[in-house]
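Peer 1: Could you have a look at this structure, given as C-alpha cells, before my questions?
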Amino acid sequence: MDHEQEIRVMQREYFDFLDDEADQGIYSTTVSRMLEDGQNRLIVDMVDLRKKNRKRAEGLLKAPVDELIAFQGALKEMVGLLKPELAKELSNMEFFVGLEGTFGSKHVSPRSLSSRFLGSLVCCDGIVTKCTTIKPKVVKSVHYCPATQRTMERRYTDLTSSDPFPSSASYPTKDEDGNPLETEYGLSSYKDHQIFSIQEMPEKAPAGQLPRSVDVMVEHSLVDSCKPGDRVQVVGEFRCLPSKQGNVSTGMFRSIILANNVITMSKAADVNITTEEFTKIRSFAKQNGRTVFDTLARSLAPSIHGHEYIKKALLCMLLGGTEKILPNGTRLRGDINILLIGDPSVAKSQLLRYVLGTAPRAVATTGRGSSGVGLTAAVTTDMETGDRRLEAGAMVLADRGVVCIDEFDKMTDADRTAIHEVMEQGRVTVSKAGIQAQLNARCSVLAAANPVYGRYDQYKTPMENIGLPDSLLSRFDCIFVMLDTLDADADRRIADHVLQVHRYKENVNNRAAAPETADSLNTASTQDENSEQDSSTGQRVLTIYEKNDVLRTKGSGQKILTVEFMKKYIHMAKMVQPSLTQEACEVIAEEYARLRSQDAVENDESNNTAVGGGRSKMARTQPVTARALETLIRLATAHAKARMSRKIE
C-alpha cells in the first residue's frame with residue numbers, strides 16, 4: 001500500500017470517528033456549532049479518540065504529520081456533508097484539528113523534552129515569558145506578466161510545513177524569458193504566524209538550576225492566544241530545525257514545538273482535594289470555630305519561635321482578601337502586602353522561605369539581584385528578526401501568587417519605584433520602544449529589609465529608621481518592626497527552641513543512618529517537613545496534626561498542623577467569598593476614624609512593634625491614608641476566610 005492509499009484509509013477511519021450519529025452525535029454537533037461560529041478549528045479529546053479507535057490515537061502520538069493531514073481531510077469531508085452549500089468554496093477553505101485530553105508519557109515540561117520526543121506529538125506545560133509580533137507568511141503568490149498576459153502562481157513551504165520537501169525561498173520577479181512580473185496581492189494567500197517561548201513553572205524548577213524554555217510556533221487562529229505571564233499547555237509536534245551561521249548549516253539544531261492547540265491553564269493553584277479531605281477540612285473548621293485562626297497561625301513556620309502577630313499577618317496574606325471589579329471598571333485589590341523590617345538574625349528571611357514553600361505560587365528575588373524591569377517587564381530585541389518583543393518579569397510570572405523580595409532596602413530608588421503600580425493596581429504598564437501593553441501582575445508582595453543604620457536606632461523615629469518613601473509605605477498593608485531586644489527569659493526560650501530543632505534533625509539522621517538501598521539513602525538525606533508529609537500521605541490519608549511534633553513547647557498542649565493539611569486548607573479557604581455585615585462596617589469605620597484622628601498610635605502588646613521598653617506611645621511607622629481603610633477590610637476578609645465564614649463579623 002503506497003503512501004496516498006494509507007492517507008485515504010486513515011481519512012476514512014477519522015471520518016467514521018467524526019460521523020458519530022450512532023453514538024450521541026457529539027462531534028457532528030460540535031462541527032455544526034464550529035461552522036455557525038465562523039471557526040475553522042475543531043478541538044478533539046484524545047480520550048474519545050482512544051475509546052473509539054486506539055490505533056489512530058497511538059498513530060497521532062507517534063507520527064502526527066500524516067495523521068493530522070488525514071484527520072483534517074476527514075474534517076473537510078464532514079463539513080461538505082453537513083453544509084452542501086459550501087461545496088464550491090470547500091477547495092479553497094482550510095480546517096484544522098486541535099487536540100486535548102490525556103497524553104500519557106508525552107505530557108512533558110520544557111526540562112524533560114529530549115531528542116526521543118522529536119517527530120512525535122507532545123503536550124508541554126509552561127509559563128509564557130516572551131512573544132513576538134504577528135507576522136504574515138506567504139503561502140501562495142500569484143503573478144501577472146503584462147508582456148505575455150499570462151498568470152502564474154507559486155506555493156511556498158518551509159521546514160515547519162507538513163510538506164516534507166521545502167520549496168525555494170526566492171520570490172519571482174521575472175519569468176523564464178526575463179519579462180517582469182506583477183504580484184496580484186488580492187489573489188495571493190497568506191497566513192499569520194507567531195513565536196513565543198514557554199518556560200517551566202517557577203515553583204517546579206529545581207533549586208539552584210536555571211529554568212529551561214522552549215520556543216513554540218503558532219499559526220492561523222492560534223496567534224495571540226496567550227500573552228507573557230500566562231500559564232499554558234501547548235499541544236503540538238516537537239520538531240528540530242537546522243541552524244545556520246553565515247549561510248552555512250551546522251550540526252546544531254534548534255528545537256521548536258509546532259502547536260495545534262494552546263490551552264490557557266487556570267490561575268488557581270493546582271491542588272487535588274478528594275471528597276474525604278473536603279469533609280475533614282470542613283469538620284475541622286466547624287469544630288475549632290473561633291480558634292481556627294490561632295491554630296493556623298501557630299502552625300506557620302513552627303521552627304521559628306515567637307512572632308505570633310507576624311505569623312497571623314502572613315496567614316492573612318496567604319488567604320488574601322476579596323478582589324472586586326466595580327461596574328465602572330475600577331479594581332479594588334484583594335492582595336495583602338507585608339513589609340518586615342528589623343535587626344539582623346530575627347528570622348526575616350526564614351519567614352520568607354517558609355512562605356515560598358507553603359504558597360501554591362511564589363517567586364523569590366532579592367534587592368541586589370533584581371532590577372525594576374526584571375521585576376515588571378522588559379522590552380528586548382529578537383535576535384532572529386530584529387523586532388522588539390515583550391518579556392515578563394518576576395511579578396508578572398507570579399500573577400495570583402506571592403513575590404518574596406529579600407534585602408528590600410538594597411534596591412535602588414528607581415527600581416523600587418517600578419513596583420508602585422503593581423502593588424496597588426495589580427498590573428504592569430509598558431510604554432517603551434513603540435510598545436504599549438498592560439500585563440496582569442495581581443500578586444502579594446512580602447518584603448524583608450534592614451534599617452538604614454544596619455540596626456534599629458531607638459533614639460530616632462521609625463520613619464528615619466525605615467528610610468522608605470511614604471508613597472511606598474502606604475502600599476504595604478502591614479509593616480512590622482522586628483527588634484533584637486535583650487531579654488534573658490526570651491533568649492532562654494529561643495535557645496531551648498533552637499536546640500530542640502537540632503535534636504530533632506539529629507534523631508532523623510540517626511534513624512536513617514543505615515539505609516538498605518540507594519533510593520532510601522536519597523530519601524533520608526533530603527528529608528524535610530514537606531517530604532515527611534508526602535510519606536505520611538502515601539496512603540491517601542490526610543493527616544491533620546503532626547505525629548512526631550517535637551517542635552512545640554513541652555507541656556503547652558498545642559498541636560501543630562501538617563504542611564499538607566495547611567496547603568489544602570488555605571486552598572479551600574481562598575474560595576470563600578465573605579460579605580461585610582452592617583456591624584462589621586461600623587467597627588471598621590470607627591477604627592479607621594480613630595487611626596486618622598490621633599497623632600500617636602497606642603503601643604499594642606506586640607513585642608514586634610515595640611520601640612521603647614517603658615514608653616506607652618510610639619511614633620507612627622507609616623502614614624494613615626485612605627488605603628488603611630481598605631487594609632482593614634482585607635484583613636477582616638482574610639480572617640473570615642480562615643474560619644470559612646460567609647460573613648465578616
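All residue names refer to the C-alpha cells as shown: chains lettered A, B, ... in order, residues numbered from 1 in each chain, ligands numbered from 1 in order.
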Please report, as a PyMOL selection string, each residue of stretch 260-406 of chain A to which DSSP assigns helix (DSSP H, G or I) when run on this structure's backbone.

Peer 2: chain A and resi 275-298+308-319+348-358+372-375+394-397

Peer 1: Residues of stretch 6-64 of chain A within 10 Å of stretch 105-119 of chain A: nearest atom pair and distance (Å, one decimal) for each, counting only C-alpha atoms, sorted by chain and number, as JSON lines?

Peer 2:
```
{"residue": "A:Leu61", "atom": "CA", "partner": "A:Lys106", "partner_atom": "CA", "distance": 7.7}
{"residue": "A:Lys62", "atom": "CA", "partner": "A:Gly119", "partner_atom": "CA", "distance": 7.3}
{"residue": "A:Ala63", "atom": "CA", "partner": "A:Gly119", "partner_atom": "CA", "distance": 6.7}
{"residue": "A:Pro64", "atom": "CA", "partner": "A:Gly119", "partner_atom": "CA", "distance": 7.6}
```

Peer 1: Export C-alpha atoms of the chosen residues as an mmCIF file, in the first residue's frame?

Peer 2:
```cif
data_model
loop_
_atom_site.group_PDB
_atom_site.id
_atom_site.type_symbol
_atom_site.label_atom_id
_atom_site.label_comp_id
_atom_site.auth_asym_id
_atom_site.auth_seq_id
_atom_site.Cartn_x
_atom_site.Cartn_y
_atom_site.Cartn_z
ATOM 1 C CA LEU A 61 1.252 10.445 19.144
ATOM 2 C CA LYS A 62 3.961 8.710 17.096
ATOM 3 C CA ALA A 63 3.581 10.245 13.589
ATOM 4 C CA PRO A 64 1.368 13.330 13.867
#
```

Peer 1: Smallest atom-to-atom distance to A:Glu308: which of A:Glu590, A:Asp294, A:Asp37, A:Asp335, using only C-alpha atoms?

Peer 2: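 Going through A:Glu590, A:Asp294, A:Asp37, A:Asp335 one by one, the smallest distance to A:Glu308 is for A:Asp294.
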
Peer 1: Rounded to one decimal, what separation in Å do you get between atom CA of A:Gly374 and atom CA of A:Asp406?

Peer 2: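 Atom CA of A:Asp406 lies 14.8 Å from atom CA of A:Gly374.
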
Peer 1: What lies within 8 Å of A:Pro146 using only C-alpha atoms, ignoring chain neighbours under 3 positions off, as a PDB file with C-alpha atoms, in the first residue's frame?

Peer 2:
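For reference, out.pdb as written:
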```pdb
ATOM      1  CA  GLN A 149      -0.655  38.437 -20.485  1.00  0.00           C
ATOM      2  CA  ARG A 150      -0.295  35.216 -18.549  1.00  0.00           C
ATOM      3  CA  PRO A 180       8.898  41.457 -15.348  1.00  0.00           C
ATOM      4  CA  LEU A 181       6.086  40.080 -13.184  1.00  0.00           C
ATOM      5  CA  GLU A 182       3.470  41.939 -11.161  1.00  0.00           C
TER       6      GLU A 182
END
```

Peer 1: Taking the DSSP secondary structure from the backbone, can you list the residues of stretch 332-460 of chain A that are strand (DSSP E), as number ranges by chain?

Peer 2: A: 332, 338-342, 362-366, 377-381, 388-392, 402-406, 427-432, 435-440, 444-449

Peer 1: Take the residues from that selection and write them out as a tab-separated table (two decimals), in the first residue's frame, keeping N, CA and C atoms.

Peer 2:
```
chain	number	residue	atom	x	y	z
A	332	LEU	N	-10.60	46.95	42.90
A	332	LEU	CA	-10.19	47.04	44.30
A	332	LEU	C	-9.41	45.77	44.61
A	338	ILE	N	3.03	42.92	52.75
A	338	ILE	CA	3.62	42.96	54.09
A	338	ILE	C	5.10	43.32	53.98
A	339	LEU	N	5.56	44.20	54.88
A	339	LEU	CA	6.96	44.58	54.97
A	339	LEU	C	7.49	44.20	56.34
A	340	LEU	N	8.57	43.43	56.35
A	340	LEU	CA	9.27	43.07	57.60
A	340	LEU	C	10.58	43.83	57.63
A	341	ILE	N	10.76	44.66	58.65
A	341	ILE	CA	11.99	45.45	58.76
A	341	ILE	C	12.50	45.33	60.18
A	342	GLY	N	13.79	45.08	60.31
A	342	GLY	CA	14.33	44.92	61.66
A	342	GLY	C	15.78	44.51	61.66
A	362	ALA	N	4.70	31.05	44.16
A	362	ALA	CA	5.56	32.05	44.78
A	362	ALA	C	6.85	32.18	43.98
A	363	VAL	N	7.34	33.41	43.88
A	363	VAL	CA	8.58	33.71	43.18
A	363	VAL	C	9.47	34.47	44.14
A	364	ALA	N	10.73	34.04	44.27
A	364	ALA	CA	11.68	34.67	45.18
A	364	ALA	C	12.67	35.51	44.41
A	365	THR	N	13.03	36.65	44.99
A	365	THR	CA	14.05	37.51	44.40
A	365	THR	C	14.69	38.31	45.52
A	366	THR	N	15.79	38.98	45.22
A	366	THR	CA	16.49	39.80	46.20
A	366	THR	C	16.65	41.21	45.66
A	377	ALA	N	8.49	44.20	33.61
A	377	ALA	CA	8.54	43.70	32.23
A	377	ALA	C	9.64	44.45	31.49
A	378	ALA	N	10.19	43.81	30.49
A	378	ALA	CA	11.28	44.39	29.71
A	378	ALA	C	10.97	44.27	28.23
A	379	VAL	N	11.44	45.23	27.47
A	379	VAL	CA	11.34	45.19	26.01
A	379	VAL	C	12.72	44.85	25.46
A	380	THR	N	12.81	43.73	24.77
A	380	THR	CA	14.09	43.26	24.23
A	380	THR	C	14.00	43.17	22.71
A	381	THR	N	15.13	42.89	22.10
A	381	THR	CA	15.22	42.76	20.65
A	381	THR	C	15.36	41.29	20.28
A	388	ARG	N	11.15	44.15	18.18
A	388	ARG	CA	11.01	44.33	19.63
A	388	ARG	C	10.01	43.31	20.16
A	389	ARG	N	10.28	42.81	21.34
A	389	ARG	CA	9.34	41.88	21.96
A	389	ARG	C	9.30	42.12	23.46
A	390	LEU	N	8.25	41.62	24.07
A	390	LEU	CA	7.98	41.87	25.49
A	390	LEU	C	8.34	40.63	26.30
A	391	GLU	N	9.10	40.83	27.38
A	391	GLU	CA	9.46	39.73	28.27
A	391	GLU	C	8.89	40.02	29.66
A	392	ALA	N	8.24	39.03	30.23
A	392	ALA	CA	7.60	39.20	31.53
A	392	ALA	C	8.62	39.12	32.65
A	402	VAL	N	2.53	35.03	45.18
A	402	VAL	CA	3.27	35.84	46.14
A	402	VAL	C	4.66	36.10	45.59
A	403	VAL	N	5.13	37.35	45.71
A	403	VAL	CA	6.51	37.71	45.37
A	403	VAL	C	7.25	38.00	46.67
A	404	CYS	N	8.30	37.26	46.93
A	404	CYS	CA	9.11	37.46	48.14
A	404	CYS	C	10.39	38.19	47.76
A	405	ILE	N	10.57	39.40	48.30
A	405	ILE	CA	11.73	40.23	47.98
A	405	ILE	C	12.56	40.37	49.25
A	406	ASP	N	13.71	39.74	49.27
A	406	ASP	CA	14.62	39.87	50.40
A	406	ASP	C	15.59	41.02	50.14
A	427	ARG	N	-1.17	45.54	37.97
A	427	ARG	CA	-0.82	45.39	36.55
A	427	ARG	C	0.47	46.13	36.28
A	428	VAL	N	1.07	45.81	35.13
A	428	VAL	CA	2.30	46.44	34.67
A	428	VAL	C	1.99	47.12	33.35
A	429	THR	N	2.24	48.41	33.27
A	429	THR	CA	2.04	49.15	32.04
A	429	THR	C	3.40	49.44	31.42
A	430	VAL	N	3.56	49.05	30.17
A	430	VAL	CA	4.82	49.21	29.45
A	430	VAL	C	4.59	50.17	28.29
A	431	SER	N	5.39	51.21	28.23
A	431	SER	CA	5.35	52.16	27.12
A	431	SER	C	6.79	52.44	26.71
A	432	LYS	N	7.35	51.52	25.94
A	432	LYS	CA	8.74	51.62	25.53
A	432	LYS	C	8.88	51.18	24.08
A	435	ILE	N	6.04	50.17	22.01
A	435	ILE	CA	5.17	49.10	22.50
A	435	ILE	C	4.33	49.65	23.65
A	436	GLN	N	3.02	49.54	23.52
A	436	GLN	CA	2.08	49.92	24.57
A	436	GLN	C	1.37	48.65	25.01
A	437	ALA	N	1.57	48.24	26.25
A	437	ALA	CA	0.99	46.98	26.71
A	437	ALA	C	0.71	47.05	28.20
A	438	GLN	N	-0.27	46.26	28.62
A	438	GLN	CA	-0.60	46.09	30.03
A	438	GLN	C	-0.60	44.60	30.36
A	439	LEU	N	0.15	44.22	31.38
A	439	LEU	CA	0.25	42.83	31.80
A	439	LEU	C	-0.29	42.70	33.22
A	440	ASN	N	-0.99	41.61	33.49
A	440	ASN	CA	-1.54	41.37	34.82
A	440	ASN	C	-0.42	40.95	35.77
A	444	SER	N	0.69	39.35	45.74
A	444	SER	CA	1.04	39.93	47.03
A	444	SER	C	2.55	40.08	47.12
A	445	VAL	N	2.98	41.12	47.82
A	445	VAL	CA	4.41	41.40	47.98
A	445	VAL	C	4.78	41.21	49.44
A	446	LEU	N	5.74	40.32	49.68
A	446	LEU	CA	6.30	40.11	51.02
A	446	LEU	C	7.76	40.53	50.96
A	447	ALA	N	8.08	41.65	51.61
A	447	ALA	CA	9.43	42.21	51.54
A	447	ALA	C	10.08	42.19	52.91
A	448	ALA	N	11.39	41.97	52.92
A	448	ALA	CA	12.18	42.00	54.16
A	448	ALA	C	13.33	42.97	53.97
A	449	ALA	N	13.55	43.82	54.96
A	449	ALA	CA	14.59	44.85	54.84
A	449	ALA	C	15.25	45.08	56.19
```

Peer 1: Pick from A:Ile256, A:Leu375, A:Val139, A:Ala433: nearest to A:Met395, with only C-alpha atoms counted?

Peer 2: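 Smallest separation from A:Met395 among the options: A:Leu375.
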
Peer 1: Could you tell me how far atom CA of A:Thr295 sits from atom CA of A:Arg492, in Å to one decimal place?

Peer 2: 24.1 Å

Peer 1: Would you mind listing what lies within 7 Å of A:Val232 as a ChimeraX atom specification, with only C-alpha atoms counted and same-chain residues fewer than 2 positions away left out?

Peer 2: /A:125-127,230,234,262-265

Peer 1: Those selected residues, please, written with N, CA and C atoms and delivered as a PDB file, in the first residue's frame.

Peer 2:
```pdb
ATOM      1  N   ASP A 125       3.715  21.779  29.395  1.00  0.00           N
ATOM      2  CA  ASP A 125       3.233  22.807  30.321  1.00  0.00           C
ATOM      3  C   ASP A 125       4.318  23.851  30.524  1.00  0.00           C
ATOM      4  N   GLY A 126       3.908  25.094  30.680  1.00  0.00           N
ATOM      5  CA  GLY A 126       4.882  26.142  30.955  1.00  0.00           C
ATOM      6  C   GLY A 126       4.211  27.482  31.114  1.00  0.00           C
ATOM      7  N   ILE A 127       5.037  28.474  31.347  1.00  0.00           N
ATOM      8  CA  ILE A 127       4.562  29.844  31.504  1.00  0.00           C
ATOM      9  C   ILE A 127       5.181  30.683  30.395  1.00  0.00           C
ATOM     10  N   ASP A 230       1.051  34.215  31.089  1.00  0.00           N
ATOM     11  CA  ASP A 230       0.007  33.194  31.088  1.00  0.00           C
ATOM     12  C   ASP A 230       0.618  31.811  31.281  1.00  0.00           C
ATOM     13  N   VAL A 234       0.633  23.501  25.788  1.00  0.00           N
ATOM     14  CA  VAL A 234       0.791  23.542  24.336  1.00  0.00           C
ATOM     15  C   VAL A 234       0.831  22.114  23.816  1.00  0.00           C
ATOM     16  N   VAL A 262      -3.500  25.480  21.941  1.00  0.00           N
ATOM     17  CA  VAL A 262      -2.934  26.182  23.096  1.00  0.00           C
ATOM     18  C   VAL A 262      -4.045  26.321  24.124  1.00  0.00           C
ATOM     19  N   ILE A 263      -3.844  25.733  25.292  1.00  0.00           N
ATOM     20  CA  ILE A 263      -4.850  25.728  26.351  1.00  0.00           C
ATOM     21  C   ILE A 263      -4.344  26.600  27.485  1.00  0.00           C
ATOM     22  N   THR A 264      -5.097  27.637  27.823  1.00  0.00           N
ATOM     23  CA  THR A 264      -4.737  28.505  28.946  1.00  0.00           C
ATOM     24  C   THR A 264      -5.167  27.840  30.240  1.00  0.00           C
ATOM     25  N   MET A 265      -4.202  27.649  31.123  1.00  0.00           N
ATOM     26  CA  MET A 265      -4.493  26.972  32.386  1.00  0.00           C
ATOM     27  C   MET A 265      -5.115  27.948  33.371  1.00  0.00           C
TER      28      MET A 265
END
```

Peer 1: Would you mind listing what lies within 8 Å of A:Ala628 as a list in words, with only C-alpha atoms counted and same-chain residues fewer than 2 positions away left out?

Peer 2: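 Once the nearby chain positions are removed, what remains is Ser474, Asp477, Tyr592, Val624, Thr625, Ala626, Glu630, Thr631 and Leu632 of chain A.
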
Peer 1: Between atom CA of A:Ile7 and atom CA of A:Glu67, what is the distance, to one decimal in Å?

Peer 2: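 Going from atom CA of A:Ile7 over to atom CA of A:Glu67 covers 7.7 Å.
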
Peer 1: For A:Arg475, find every residue with an atom within 8 Å (counting only C-alpha atoms), except residues of its own chain fewer than 2 positions away, and show them as a PDB file with C-alpha atoms, in the first residue's frame.

Peer 2:
```pdb
ATOM      1  CA  ASN A 337       1.347  43.344  51.058  1.00  0.00           C
ATOM      2  CA  HIS A 420       4.445  51.051  42.820  1.00  0.00           C
ATOM      3  CA  MET A 423       1.378  46.859  44.417  1.00  0.00           C
ATOM      4  CA  GLU A 424      -1.778  48.954  44.084  1.00  0.00           C
ATOM      5  CA  SER A 471       4.266  56.620  48.733  1.00  0.00           C
ATOM      6  CA  LEU A 472       5.729  53.116  49.013  1.00  0.00           C
ATOM      7  CA  LEU A 473       4.976  52.532  52.698  1.00  0.00           C
ATOM      8  CA  ASP A 477      -0.933  46.764  54.443  1.00  0.00           C
ATOM      9  CA  ARG A 627      -5.548  52.871  51.811  1.00  0.00           C
TER      10      ARG A 627
END
```

Peer 1: So, with only C-alpha atoms as the atoms that count, which of A:Arg416, A:Arg442, A:Lys286, A:Lys191 lies closest to A:Arg331?

Peer 2: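 That would be A:Arg442, the residue with the smallest distance to A:Arg331.
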
Peer 1: With only C-alpha atoms as the counted atoms, please give the residues lying no more than 8 Å from A:Met78, apart from itself and same-chain residues fewer than 4 positions off, as a list in words.

Peer 2: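 These residues fall inside the cut-off: Phe15, Leu18, Asp19, Ala74 and Leu82 of chain A.
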
Peer 1: Can I get the selection written as an mmCIF file, in the first residue's frame, with C-alpha atoms?

Peer 2:
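The resulting file, again-v4.cif, is reproduced below:
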```cif
data_model
loop_
_atom_site.group_PDB
_atom_site.id
_atom_site.type_symbol
_atom_site.label_atom_id
_atom_site.label_comp_id
_atom_site.auth_asym_id
_atom_site.auth_seq_id
_atom_site.Cartn_x
_atom_site.Cartn_y
_atom_site.Cartn_z
ATOM 1 C CA PHE A 15 -14.413 10.288 9.195
ATOM 2 C CA LEU A 18 -16.429 12.258 13.459
ATOM 3 C CA ASP A 19 -19.649 10.815 11.997
ATOM 4 C CA ALA A 74 -11.849 13.940 7.114
ATOM 5 C CA LEU A 82 -23.119 18.974 6.785
#
```
